[in-house]
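Chemist: One structure follows; several queries about it will come next.
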Amino acid sequence: MKILYFTATGNSLAIAKKIGGEMISIPQALKNDQYEFEDDVIGLVFPTYCCYPPKIVRDFIAKAKLKANYLFAVATYGNVMGKGGDGGEMLEFDEIAKAAGYNFNYLNAILMVDNFIDNFEIGKEIEKIPSKKIDDNLAVIIDNINAKKDYVKDPGFFGKMMTSMCKGLVKSQDEGLAAQKFIVSDACVGCGTCAKVCPYGNITIKDGRPQFGTNCLSCYGCIHSCPQTAIHKKSEKSDKRWRNYNVTLKEIIEANNQI
Ligand SMILES: Cc1cc2nc3c(=O)[nH]c(=O)nc-3n(C[C@H](O)[C@H](O)[C@H](O)COP(=O)(O)O)c2cc1C
């Protein structure tokens with residue numbers, strides 16, 4: 001089994017590692033112009049951004065040449081947005097995959113810690129971990145994949161509505177300008193970790209300070225991985241940051257580094 005993954009703060013990599021198989025980072029595959037993958041089972045694991053798959057995943061699936069008897073994808077997401085369902089990210093993924101010629105057998109999503117600091121306070125998110133029943137939900141997903149089950153998660157009416165409402169947000173996110181609003185405090189020591197975790201190579205260090213370009217994925221990897229907590233958003237709920245407990249900073253750098 002091969003798993004193609006994208007992660008900014010480790011949730012998706014933690015899930016990918018637990019599902020098992022050969023791990024392949026999508027940013028590194030794109031960096032190396034590697035699009036052809038073959039195995040009995042191939043899966044994708046990635047976060048949800050504004051009820052959609054991230055642009056880097058959408059772009060990858062449009063170019064990829066995947067050959068497998070069983071194809072699955074699992075999105076990690078942070079919060080159920082209301083009664084009736086969460087985002088319709090997997091239906092959107094299904095559409096994009098179908099346009100690229102793929103019929104995914106299994107599309108599901110798993111609730112994790114929400115790293116969207118504009119809306120959620122990380123300390124409170126960490127307190128929610130037990131109630132999210134991550135291990136139990138993942139055990140079901142792993143059983144399903146091992147049994148090669150056919151399934152597409154239905155987001156329900158509310159989830160579909162949320163996804164269609166998010167279309168405008170996704171469009172503005174895709175313009176790549178999010179990092180232009182990031183604020184760097186005097187705590188910055190110019191260590192360059194932010195540049196190394198950026199999956200788009202959008203950060204350069206000049207005169208000991210990060211400079212953000214106009215190709216930002218909005219993954220917040222730089223914000224969460226800064227060892228000095230020096231990168232901020234005006235809208236952030238607190239200065240608490242998140243990295244999944246089962247993933248190291250070294251793994252995030254290896255997964256995303258474009259330098
Ligand atoms: C820009 C942005 C948008 C997000 N949008 C959503 C969303 O629409 N729905 C949701 O449930 N979680 C959303 N999240 C939370 C992430 O999907 C979630 O925390 C994910 O597990 C992070 O995965 P990672 O640690 O592998 O990067 C968003 C996070 C970011 C940074």
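Following the order of the structure tokens, first chain is A, next is B, and so on, with residues numbered from 1 inside each chain and ligands from 1 in the order they appear.
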Set the cut-off to 8 Å, count only C-alpha atoms and all ligand atoms, and list whatever residues fall near ligand 1 as a PyMOL selection string.

Modeler: chain A and resi 6-14+46-52+75-81+86-87+111-117+163+166+173+218-221+243-244

Chemist: Residues of segment 92-222 of chain A classed as strand (DSSP E or B) by DSSP on the backbone are to be reported as a PDB file with C-alpha atoms, in the first residue's frame.

Modeler:
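Written out: states_19.pdb:
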```
ATOM      1  CA  TYR A 106     -13.550   4.923  -0.390  1.00  0.00           C
ATOM      2  CA  LEU A 107     -13.838   8.564   0.701  1.00  0.00           C
ATOM      3  CA  ASN A 108     -14.068   9.378   4.379  1.00  0.00           C
ATOM      4  CA  ALA A 109     -13.055  12.080   6.858  1.00  0.00           C
ATOM      5  CA  ILE A 110     -11.862  12.066  10.467  1.00  0.00           C
ATOM      6  CA  LEU A 111     -12.281  14.688  13.172  1.00  0.00           C
ATOM      7  CA  TYR A 151     -18.075   4.026   0.642  1.00  0.00           C
ATOM      8  CA  VAL A 152     -18.424   7.770   0.117  1.00  0.00           C
ATOM      9  CA  ILE A 183       2.831  39.424  11.415  1.00  0.00           C
ATOM     10  CA  VAL A 184       6.387  38.588  12.563  1.00  0.00           C
ATOM     11  CA  ILE A 203       9.209  31.973   2.463  1.00  0.00           C
ATOM     12  CA  THR A 204      12.751  33.305   2.203  1.00  0.00           C
ATOM     13  CA  ILE A 205      14.924  34.589   5.047  1.00  0.00           C
ATOM     14  CA  LYS A 206      16.349  38.050   4.388  1.00  0.00           C
ATOM     15  CA  ARG A 209      13.607  37.799   8.990  1.00  0.00           C
ATOM     16  CA  PRO A 210      11.080  35.782   6.945  1.00  0.00           C
ATOM     17  CA  GLN A 211       9.792  37.366   3.747  1.00  0.00           C
ATOM     18  CA  PHE A 212       6.480  35.973   2.510  1.00  0.00           C
TER      19      PHE A 212
END
```

Chemist: Need to verify the contact set: Tyr200 of chain A, 12 Å, only C-alpha atoms, exclusion of same-chain residues closer than 2 positions in sequence. Can you return it as a PyMOL selection string?

Modeler: chain A and resi 6+8+26-28+30-31+55-56+176+179+194-198+202-204+212-222+255-259

Chemist: Which segment 7-68 of chain A residues have any atom within 7 Å of an atom of segment 95-105 of chain A, and for each, what is the nearest pair of atoms with distance in Å to one decimal, counting only C-alpha atoms, rows sorted by chain and number, as a Markdown table?

Modeler:
```
| residue | atom | partner | partner_atom | distance |
| --- | --- | --- | --- | --- |
| A:Arg58 | CA | A:Ile96 | CA | 7.0 |
| A:Ile61 | CA | A:Ala97 | CA | 6.4 |
| A:Ala62 | CA | A:Ala100 | CA | 5.3 |
```

Chemist: Just the selected residues (C-alpha atoms), exported as a short mmCIF file (atom, residue, chain, number, x, y, z; two decimals), in the first residue's frame, please.

Modeler:
```
data_model
loop_
_atom_site.label_atom_id
_atom_site.label_comp_id
_atom_site.auth_asym_id
_atom_site.auth_seq_id
_atom_site.Cartn_x
_atom_site.Cartn_y
_atom_site.Cartn_z
CA ARG A 58 -6.40 19.33 -6.03
CA ILE A 61 -4.71 14.69 -8.30
CA ALA A 62 -5.28 16.53 -11.59
#
```

Chemist: Tell me which of A:Ser225, A:Ser164, A:Ser131, A:Asn119 sits closest to Leu249 of chain A, counting only C-alpha atoms.

Modeler: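 Smallest separation from Leu249 of chain A among the options: A:Ser225.
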